[in-house]
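Raw data16.cif, mmCIF, C-alpha atoms:
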```
data_input
loop_
_atom_site.group_PDB
_atom_site.id
_atom_site.type_symbol
_atom_site.label_atom_id
_atom_site.label_comp_id
_atom_site.auth_asym_id
_atom_site.auth_seq_id
_atom_site.Cartn_x
_atom_site.Cartn_y
_atom_site.Cartn_z
ATOM 1 C CA MET A 18 5.000 5.359 19.520
ATOM 2 C CA ALA A 19 1.462 4.074 19.747
ATOM 3 C CA GLU A 20 -0.553 2.818 16.865
ATOM 4 C CA LYS A 21 -3.865 4.500 16.241
ATOM 5 C CA THR A 22 -6.376 1.725 16.723
ATOM 6 C CA VAL A 23 -9.322 3.395 15.016
ATOM 7 C CA PRO A 24 -7.947 4.627 11.706
ATOM 8 C CA THR A 25 -9.318 7.906 10.463
ATOM 9 C CA PRO A 26 -9.217 9.024 6.843
ATOM 10 C CA PRO A 27 -6.582 11.615 6.041
ATOM 11 C CA PRO A 28 -7.798 15.233 6.030
ATOM 12 C CA ALA A 29 -7.943 15.515 2.243
ATOM 13 C CA GLN A 30 -10.599 12.840 2.107
ATOM 14 C CA ARG A 31 -12.467 14.189 5.096
ATOM 15 C CA ALA A 32 -12.715 17.589 3.440
ATOM 16 C CA GLY A 33 -13.974 16.088 0.180
ATOM 17 C CA ALA A 34 -16.789 14.126 1.770
ATOM 18 C CA GLU A 35 -19.810 16.337 2.143
ATOM 19 C CA PRO A 36 -21.991 15.217 5.020
ATOM 20 C CA ALA A 37 -25.254 16.098 3.294
ATOM 21 C CA SER A 38 -24.608 14.297 0.010
ATOM 22 C CA GLU A 39 -25.293 10.620 -0.686
ATOM 23 C CA GLY A 40 -26.317 9.721 2.846
ATOM 24 C CA ALA A 41 -23.702 7.559 4.499
ATOM 25 C CA ARG A 42 -20.821 9.006 2.477
ATOM 26 C CA GLY A 43 -20.325 11.597 5.203
ATOM 27 C CA ASP A 44 -18.987 9.351 7.942
ATOM 28 C CA ALA A 45 -16.127 7.978 5.881
ATOM 29 C CA THR A 46 -13.823 5.831 7.972
ATOM 30 C CA MET A 47 -10.720 3.772 7.343
ATOM 31 C CA GLU A 48 -11.731 1.056 9.768
ATOM 32 C CA PRO A 49 -10.983 -2.217 7.934
ATOM 33 C CA THR A 50 -14.508 -3.597 7.982
ATOM 34 C CA HIS A 51 -16.163 -0.281 7.103
ATOM 35 C CA SER A 52 -13.631 1.240 4.773
ATOM 36 C CA GLU A 53 -14.581 1.967 1.207
ATOM 37 C CA GLU A 54 -11.234 0.876 -0.129
ATOM 38 C CA GLU A 55 -9.188 -2.197 0.636
ATOM 39 C CA TYR A 56 -5.831 -1.702 2.232
ATOM 40 C CA THR A 57 -3.121 -3.553 4.097
ATOM 41 C CA PRO A 58 -1.366 -2.247 7.186
ATOM 42 C CA SER A 59 2.300 -2.229 6.264
ATOM 43 C CA ALA A 60 4.783 -4.014 8.498
ATOM 44 C CA VAL A 61 7.041 -1.592 10.372
ATOM 45 C CA ASP A 62 10.159 -1.568 12.495
ATOM 46 C CA ILE A 63 10.433 1.304 14.925
ATOM 47 C CA TYR A 64 13.567 1.996 16.882
ATOM 48 C CA GLU A 65 15.306 4.831 18.653
ATOM 49 C CA ASP A 66 18.651 6.307 17.800
ATOM 50 C CA ASP A 67 20.516 9.281 19.164
ATOM 51 C CA GLN A 68 18.582 11.768 17.025
ATOM 52 C CA GLY A 69 15.107 10.436 17.651
ATOM 53 C CA LEU A 70 12.888 7.732 16.249
ATOM 54 C CA VAL A 71 13.344 5.801 13.030
ATOM 55 C CA VAL A 72 10.407 4.117 11.319
ATOM 56 C CA LEU A 73 11.086 1.529 8.607
ATOM 57 C CA ALA A 74 7.996 0.497 6.667
ATOM 58 C CA ASP A 75 7.766 -2.185 4.008
ATOM 59 C CA LEU A 76 5.772 -0.831 1.072
ATOM 60 C CA PRO A 77 6.402 -3.234 -1.805
ATOM 61 C CA GLY A 78 5.181 -2.054 -5.193
ATOM 62 C CA MET A 79 4.952 1.578 -4.120
ATOM 63 C CA GLU A 80 5.848 4.198 -6.722
ATOM 64 C CA PRO A 81 7.439 7.229 -5.051
ATOM 65 C CA GLY A 82 4.733 9.473 -6.538
ATOM 66 C CA ALA A 83 1.889 7.388 -5.143
ATOM 67 C CA LEU A 84 2.987 7.569 -1.514
ATOM 68 C CA ASP A 85 1.410 10.051 0.862
ATOM 69 C CA VAL A 86 3.020 10.570 4.251
ATOM 70 C CA ARG A 87 1.512 13.245 6.452
ATOM 71 C CA VAL A 88 1.358 14.431 10.013
ATOM 72 C CA ASP A 89 -1.887 15.923 11.197
ATOM 73 C CA ASN A 90 -2.502 16.782 14.818
ATOM 74 C CA ARG A 91 0.286 14.432 15.994
ATOM 75 C CA VAL A 92 -1.054 11.545 13.924
ATOM 76 C CA LEU A 93 1.383 10.123 11.388
ATOM 77 C CA THR A 94 -0.334 8.640 8.340
ATOM 78 C CA ILE A 95 1.367 6.451 5.749
ATOM 79 C CA ARG A 96 -0.835 5.803 2.774
ATOM 80 C CA GLY A 97 -0.617 4.929 -0.899
ATOM 81 C CA ARG A 98 -1.950 2.701 -3.640
ATOM 82 C CA THR A 99 0.232 -0.004 -5.132
ATOM 83 C CA GLN A 100 0.129 -1.859 -8.390
ATOM 84 C CA HIS A 101 1.321 -5.184 -9.711
ATOM 85 C CA LEU A 102 4.122 -5.164 -12.275
ATOM 86 C CA ALA A 103 3.537 -8.564 -13.841
ATOM 87 C CA THR A 104 1.511 -8.977 -16.991
ATOM 88 C CA GLY A 105 -0.120 -12.082 -18.421
ATOM 89 C CA THR A 106 -2.822 -14.379 -17.099
ATOM 90 C CA PRO A 107 -2.546 -14.927 -13.358
ATOM 91 C CA VAL A 108 -2.260 -18.643 -12.624
ATOM 92 C CA TYR A 109 -1.228 -18.742 -8.978
ATOM 93 C CA ARG A 110 -1.628 -16.006 -6.424
ATOM 94 C CA GLU A 111 -0.274 -15.658 -2.911
ATOM 95 C CA TYR A 112 -0.755 -11.957 -2.374
ATOM 96 C CA GLU A 113 -2.658 -9.035 -3.724
ATOM 97 C CA LEU A 114 -1.385 -5.493 -3.939
ATOM 98 C CA THR A 115 -4.121 -3.032 -3.090
ATOM 99 C CA GLY A 116 -2.776 -0.231 -1.010
ATOM 100 C CA PHE A 117 -1.137 0.493 2.279
ATOM 101 C CA PHE A 118 -2.501 2.494 5.162
ATOM 102 C CA ARG A 119 -1.293 2.823 8.708
ATOM 103 C CA GLN A 120 -1.425 5.458 11.393
ATOM 104 C CA PHE A 121 0.604 6.157 14.495
ATOM 105 C CA GLN A 122 0.119 8.574 17.343
ATOM 106 C CA LEU A 123 3.331 10.547 17.696
ATOM 107 C CA PRO A 124 4.753 11.294 21.120
ATOM 108 C CA GLU A 125 4.897 14.945 22.104
ATOM 109 C CA GLU A 126 8.687 15.262 22.047
ATOM 110 C CA ILE A 127 8.919 14.806 18.260
ATOM 111 C CA ASP A 128 9.876 17.799 16.158
ATOM 112 C CA GLN A 129 7.159 17.534 13.516
ATOM 113 C CA ALA A 130 8.784 20.030 11.163
ATOM 114 C CA GLY A 131 11.995 18.011 11.016
ATOM 115 C CA ILE A 132 10.526 14.698 9.857
ATOM 116 C CA GLU A 133 12.286 13.260 6.826
ATOM 117 C CA ALA A 134 11.017 10.493 4.563
ATOM 118 C CA ASP A 135 12.937 8.447 2.035
ATOM 119 C CA LEU A 136 11.524 5.695 -0.179
ATOM 120 C CA LYS A 137 13.936 3.240 -1.743
ATOM 121 C CA GLN A 138 13.024 -0.084 -3.344
ATOM 122 C CA GLY A 139 9.756 -0.342 -1.484
ATOM 123 C CA LEU A 140 11.289 0.507 1.882
ATOM 124 C CA LEU A 141 10.177 3.738 3.516
ATOM 125 C CA THR A 142 12.581 5.228 6.048
ATOM 126 C CA LEU A 143 11.141 7.938 8.255
ATOM 127 C CA ARG A 144 13.364 9.912 10.590
ATOM 128 C CA LEU A 145 11.538 11.653 13.401
ATOM 129 C CA PRO A 146 13.938 13.888 15.300
ATOM 130 C CA ARG A 147 13.433 14.673 18.954
ATOM 131 C CA ALA A 148 12.431 18.253 19.652
ATOM 132 C CA ALA A 149 14.984 20.276 21.550
ATOM 133 C CA PRO A 150 13.879 20.593 25.163
ATOM 134 C CA ALA A 151 12.303 23.957 25.850
ATOM 135 C CA PRO A 152 14.833 26.190 27.629
ATOM 136 C CA SER A 153 14.131 26.869 31.240
ATOM 137 C CA ARG A 154 12.886 30.339 31.914
ATOM 138 C CA ARG A 155 11.638 32.405 34.722
ATOM 139 C CA ILE A 156 7.974 33.289 34.585
ATOM 140 C CA GLU A 157 7.023 36.784 35.430
ATOM 141 C CA VAL A 158 4.434 36.888 38.147
ATOM 142 C CA ARG A 159 1.956 39.681 37.616
ATOM 143 C CA THR A 160 0.382 41.368 40.565
ATOM 144 C CA MET B 1424 -3.216 -4.120 13.201
ATOM 145 C CA SER B 1425 -3.800 -6.765 10.626
ATOM 146 C CA VAL B 1426 -7.110 -8.400 9.941
ATOM 147 C CA TYR B 1427 -7.096 -12.098 10.743
ATOM 148 C CA ASP B 1428 -8.830 -13.971 7.976
ATOM 149 C CA PRO B 1429 -9.527 -17.594 8.970
ATOM 150 C CA PHE B 1430 -10.553 -18.507 5.435
ATOM 151 C CA ARG B 1431 -7.266 -17.382 4.006
ATOM 152 C CA GLU B 1432 -5.428 -19.364 6.680
ATOM 153 C CA LEU B 1433 -7.505 -22.417 5.810
ATOM 154 C CA GLU B 1434 -6.734 -22.006 2.139
ATOM 155 C CA ARG B 1435 -3.035 -21.637 2.901
ATOM 156 C CA PHE B 1436 -3.123 -24.733 5.067
ATOM 157 C CA ARG B 1437 -4.891 -26.687 2.316
ATOM 158 C CA ARG B 1438 -2.264 -25.658 -0.241
ATOM 159 C CA GLU B 1439 0.571 -26.568 2.068
ATOM 160 C CA SER B 1440 -0.849 -29.975 2.898
ATOM 161 C CA ASP B 1441 -1.369 -30.595 -0.831
ATOM 162 C CA ARG B 1442 2.327 -30.104 -1.304
ATOM 163 C CA GLY B 1443 3.145 -32.449 1.538
ATOM 164 C CA GLY B 1444 3.935 -29.926 4.201
ATOM 165 C CA GLY B 1445 6.114 -27.498 2.367
ATOM 166 C CA THR B 1446 8.342 -26.897 -0.608
ATOM 167 C CA GLY B 1447 11.782 -28.275 -1.234
ATOM 168 C CA ALA B 1448 13.304 -25.245 0.402
ATOM 169 C CA GLU B 1449 11.865 -25.850 3.816
ATOM 170 C CA PRO B 1450 11.842 -29.115 5.731
ATOM 171 C CA ALA B 1451 8.366 -30.460 6.411
ATOM 172 C CA GLY B 1452 7.211 -29.875 9.937
ATOM 173 C CA ARG B 1453 8.894 -26.547 10.363
ATOM 174 C CA HIS B 1454 5.558 -24.807 9.975
ATOM 175 C CA TRP B 1455 4.260 -26.560 13.027
ATOM 176 C CA ARG B 1456 7.112 -25.757 15.297
ATOM 177 C CA LEU B 1457 7.167 -22.077 14.476
ATOM 178 C CA ALA B 1458 3.461 -21.595 13.982
ATOM 179 C CA PHE B 1459 3.243 -19.258 16.952
ATOM 180 C CA LEU B 1460 5.297 -16.734 14.990
ATOM 181 C CA PRO B 1461 3.181 -16.654 11.863
ATOM 182 C CA GLY B 1462 4.518 -13.346 10.655
ATOM 183 C CA ARG B 1463 8.118 -14.270 10.252
ATOM 184 C CA ALA B 1464 8.656 -17.975 10.465
ATOM 185 C CA ALA B 1465 5.702 -20.012 9.330
ATOM 186 C CA ARG B 1466 5.193 -18.080 6.142
ATOM 187 C CA GLN B 1467 7.368 -18.668 3.150
ATOM 188 C CA TYR B 1468 9.423 -15.727 2.057
ATOM 189 C CA PRO B 1469 9.104 -14.106 -0.385
ATOM 190 C CA LEU B 1470 5.485 -14.525 -1.370
ATOM 191 C CA VAL B 1471 5.113 -15.011 -5.113
ATOM 192 C CA ASN B 1472 2.478 -14.515 -7.761
ATOM 193 C CA LEU B 1473 2.731 -16.468 -10.970
ATOM 194 C CA HIS B 1474 1.565 -15.244 -14.358
ATOM 195 C CA ASP B 1475 1.665 -17.040 -17.660
ATOM 196 C CA ASP B 1476 1.228 -15.658 -21.157
ATOM 197 C CA GLY B 1477 1.647 -18.970 -22.966
ATOM 198 C CA GLU B 1478 5.265 -18.278 -23.870
ATOM 199 C CA THR B 1479 6.788 -16.966 -20.673
ATOM 200 C CA PHE B 1480 6.137 -17.416 -16.971
ATOM 201 C CA THR B 1481 6.393 -14.263 -14.921
ATOM 202 C CA VAL B 1482 7.070 -14.644 -11.227
ATOM 203 C CA GLU B 1483 6.438 -11.555 -9.157
ATOM 204 C CA ALA B 1484 7.904 -11.740 -5.656
ATOM 205 C CA LEU B 1485 7.068 -9.441 -2.756
ATOM 206 C CA ALA B 1486 10.499 -8.544 -1.436
ATOM 207 C CA PRO B 1487 10.883 -4.916 -0.363
ATOM 208 C CA GLY B 1488 14.067 -3.256 0.818
ATOM 209 C CA LEU B 1489 16.655 -5.622 -0.631
ATOM 210 C CA ASP B 1490 19.945 -4.869 -2.268
ATOM 211 C CA PRO B 1491 19.608 -6.193 -5.838
ATOM 212 C CA ALA B 1492 23.323 -7.048 -5.888
ATOM 213 C CA HIS B 1493 22.770 -9.691 -3.220
ATOM 214 C CA LEU B 1494 19.772 -11.318 -4.866
ATOM 215 C CA GLU B 1495 20.425 -14.691 -6.428
ATOM 216 C CA VAL B 1496 18.025 -16.059 -8.994
ATOM 217 C CA THR B 1497 18.791 -19.498 -10.404
ATOM 218 C CA VAL B 1498 16.930 -21.714 -12.821
ATOM 219 C CA VAL B 1499 17.486 -25.463 -13.041
ATOM 220 C CA ARG B 1500 15.228 -27.521 -15.314
ATOM 221 C CA ASN B 1501 11.769 -26.555 -14.078
ATOM 222 C CA THR B 1502 12.577 -24.916 -10.761
ATOM 223 C CA LEU B 1503 13.266 -21.303 -10.041
ATOM 224 C CA THR B 1504 15.132 -20.440 -6.865
ATOM 225 C CA ILE B 1505 15.227 -17.005 -5.298
ATOM 226 C CA ALA B 1506 17.763 -16.468 -2.536
ATOM 227 C CA GLY B 1507 18.977 -13.374 -0.765
ATOM 228 C CA GLU B 1508 19.180 -11.524 2.463
ATOM 229 C CA LYS B 1509 16.854 -8.946 3.891
ATOM 230 C CA PRO B 1510 18.780 -6.523 6.077
ATOM 231 C CA GLY B 1511 17.304 -5.483 9.392
ATOM 232 C CA PRO B 1512 18.136 -2.329 11.318
ATOM 233 C CA ALA B 1513 21.875 -2.461 11.934
ATOM 234 C CA ASN B 1514 23.509 -2.091 15.353
ATOM 235 C CA VAL B 1515 20.381 -1.292 17.292
ATOM 236 C CA PRO B 1516 20.501 -2.540 20.875
ATOM 237 C CA PRO B 1517 17.361 -4.514 21.773
ATOM 238 C CA GLU B 1518 16.209 -2.031 24.403
ATOM 239 C CA ARG B 1519 15.890 0.663 21.741
ATOM 240 C CA ILE B 1520 13.567 -1.329 19.503
ATOM 241 C CA HIS B 1521 9.917 -0.384 19.859
ATOM 242 C CA ARG B 1522 8.433 -2.541 17.122
ATOM 243 C CA SER B 1523 9.909 -5.285 15.029
ATOM 244 C CA GLU B 1524 7.425 -6.594 12.481
ATOM 245 C CA ARG B 1525 9.538 -6.745 9.345
ATOM 246 C CA ALA B 1526 11.400 -9.995 9.493
ATOM 247 C CA ALA B 1527 15.066 -9.917 8.509
ATOM 248 C CA GLY B 1528 17.614 -12.504 7.571
ATOM 249 C CA ARG B 1529 18.563 -14.900 4.813
ATOM 250 C CA PHE B 1530 15.899 -16.579 2.750
ATOM 251 C CA VAL B 1531 15.558 -19.158 0.007
ATOM 252 C CA ARG B 1532 12.421 -19.951 -1.898
ATOM 253 C CA THR B 1533 12.024 -22.531 -4.614
ATOM 254 C CA VAL B 1534 9.162 -22.311 -7.063
ATOM 255 C CA GLU B 1535 8.395 -25.333 -9.161
ATOM 256 C CA LEU B 1536 6.942 -24.523 -12.567
ATOM 257 C CA PRO B 1537 4.964 -26.960 -14.672
ATOM 258 C CA THR B 1538 7.302 -27.117 -17.684
ATOM 259 C CA GLU B 1539 10.999 -27.141 -18.523
ATOM 260 C CA LEU B 1540 12.478 -23.633 -18.575
ATOM 261 C CA ASP B 1541 14.936 -21.907 -20.812
ATOM 262 C CA ALA B 1542 17.681 -20.933 -18.363
ATOM 263 C CA ASP B 1543 19.549 -18.835 -20.953
ATOM 264 C CA ARG B 1544 16.781 -16.314 -21.473
ATOM 265 C CA VAL B 1545 15.790 -15.591 -17.884
ATOM 266 C CA ASN B 1546 15.312 -11.946 -17.101
ATOM 267 C CA ALA B 1547 15.129 -10.601 -13.553
ATOM 268 C CA GLN B 1548 14.237 -7.050 -12.592
ATOM 269 C CA TYR B 1549 13.948 -5.433 -9.201
ATOM 270 C CA LYS B 1550 11.702 -2.406 -9.015
ATOM 271 C CA ASN B 1551 9.912 -0.684 -6.131
ATOM 272 C CA GLY B 1552 10.538 -3.659 -3.898
ATOM 273 C CA LEU B 1553 9.041 -6.195 -6.291
ATOM 274 C CA LEU B 1554 11.196 -8.804 -7.959
ATOM 275 C CA LEU B 1555 9.972 -9.660 -11.418
ATOM 276 C CA VAL B 1556 11.488 -12.748 -13.027
ATOM 277 C CA SER B 1557 10.390 -13.770 -16.488
ATOM 278 C CA VAL B 1558 11.348 -17.280 -17.524
ATOM 279 C CA PRO B 1559 10.490 -18.514 -21.011
ATOM 280 C CA ARG B 1560 9.457 -22.113 -21.564
ATOM 281 C CA SER B 1561 12.198 -24.147 -23.142
ATOM 282 C CA GLU B 1562 11.775 -24.946 -26.840
ATOM 283 C CA SER B 1563 11.318 -28.646 -26.111
ATOM 284 C CA ALA B 1564 8.423 -27.916 -23.749
ATOM 285 C CA LYS B 1565 6.361 -26.046 -26.321
ATOM 286 C CA PRO B 1566 3.491 -27.885 -27.905
ATOM 287 C CA ARG B 1567 4.126 -29.004 -31.468
ATOM 288 C CA ARG B 1568 1.403 -29.600 -33.951
ATOM 289 C CA VAL B 1569 1.588 -32.955 -35.617
ATOM 290 C CA SER B 1570 0.047 -33.208 -39.034
ATOM 291 C CA VAL B 1571 -2.133 -36.215 -39.549
ATOM 292 C CA GLN B 1572 -1.737 -38.051 -42.842
ATOM 293 C CA ALA B 1573 -4.598 -39.894 -44.366
ATOM 294 C CA SER B 1574 -3.693 -43.367 -45.499
#
```

As structure tokens, what does this structure read like?
Amino acid sequence: MAEKTVPTPPPAQRAGAEPASEGARGDATMEPTHSEEEYTPSAVDIYEDDQGLVVLADLPGMEPGALDVRVDNRVLTIRGRTQHLATGTPVYREYELTGFFRQFQLPEEIDQAGIEADLKQGLLTLRLPRAAPAPSRRIEVRT
Amino acid sequence: MSVYDPFRELERFRRESDRGGGTGAEPAGRHWRLAFLPGRAARQYPLVNLHDDGETFTVEALAPGLDPAHLEVTVVRNTLTIAGEKPGPANVPPERIHRSERAAGRFVRTVELPTELDADRVNAQYKNGLLLVSVPRSESAKPRRVSVQAS
């Protein structure tokens, strides 16, 4: 499963951005250096099992309601904003929670309707079942 | 695709050399040997953020996908130790793995805090893949106002 190297905003955002208004707002992109919002690509494990592909993505700090997983035109998008839990004055910082965003190009043999997602303790498990092979059939030749 | 930030790497290197090459949990020099695997080996796991409200230190650790039952949090004097195991995909033959970016395995991280801690009132919570440990300062470490008598 190939990663999409030039990230595109999910369709909801594309629809909301009107090309005519506010000049540059129209060509919204999720490319890291051009993106309007900061995000981190989440680390993933991808492996195959007998049913299809399994994607494990680390999304620490993600509330289940804040996560948006979608498939649009064979592009899988994982996206969501995260928040820190700790309160008090920060005195030492090794990481920052902003949001996660990552996209993958799905192979053709994935059954897009059968994709299941499960988020537990910041770990997203996506199951992408293989589509059943199309049955062989005879094609009528018209004359 | 992650964005390589040389300034962040520099800052990390500066912090690590300030501490003399690493924390008590990892032998010095290990960073050098495994530096070509920065994602899983050279970096300390889990990453922590430290907050302080004057009374209590709150350590927030980035540790998604763990089983809270196997997390060990210990406090001795002024050090907090977080140990546990991050499970990887089980029983997957190597030829079926397409990507492996989430490191897995056992980890230990020791965080040294600036004052003595009250080990009896430590509270640890695991939520949404973040471990939140609040450790109050011990009574003896709190500042005490001394009244000055005029003579």

Using all atoms listed in the file, which chain A residues lie at most 6 Å away from chain B, written as number ranges by chain? A: 60-65, 77-79, 105-111, 138-140

In terms of the shortest atom-to-atom distance over all atoms listed in the file, which of A:Glu54, A:Glu48, A:Asp135, A:Asp128 is closest to A:Asp75?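 Looking only at the distances to A:Asp75, the closest residue turns out to be A:Asp135.
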
Translate the PyMOL selection byres ((chain A and resi 88) around 12), as applied to the file shown, into an explicit residue set as a ChimeraX atom specification. /A:27-28,85-87,89-96,119-123,127-134,143,145

Translate the PyMOL selection byres ((chain B and resi 1532) around 10), as applied to the file shown, into an explicit residue set as a PyMOL selection string. chain B and resi 1446-1449+1467-1471+1496+1503-1507+1530-1531+1533-1535

Of the candidates A:Ala149, A:Pro124, A:Val158, A:Gly116, which shows the shortest atom-to-atom distance to A:Thr57, using all atoms listed in the file?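 Comparing A:Ala149, A:Pro124, A:Val158, A:Gly116 against A:Thr57, the winner is A:Gly116.
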
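Between atom CA of A:Glu126 and atom CA of A:Arg147 the interatomic distance comes to 5.7 Å.
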
Within 7 Å of (9.6, -25.6, -19.1), only C-alpha atoms: residues as a PyMOL selection string? chain B and resi 1501+1537-1541+1560-1561+1564

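Note that the spacing between atom CA of A:Thr142 and atom CA of A:Val72 amounts to 5.8 Å.
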
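From atom CA of B:His1493 back to atom CA of B:Glu1508, the distance works out to 7.0 Å.
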
Closest to A:Leu141 among A:Leu73, A:Pro81, A:Thr99, A:Phe118, using only C-alpha atoms?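 Between A:Leu73, A:Pro81, A:Thr99, A:Phe118, the residue approaching A:Leu141 most closely is A:Leu73.
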
First collect every listed atom of stretch 78-81 of chain A; then fit an axis-aligned box around them, widen it by 3 Å on each side, and give centre and edge lengths in Å to one decimal, as lines of an AutoDock Vina configuration file.
```
center_x = 6.2
center_y = 2.6
center_z = -5.4
size_x = 8.5
size_y = 15.3
size_z = 8.6
```
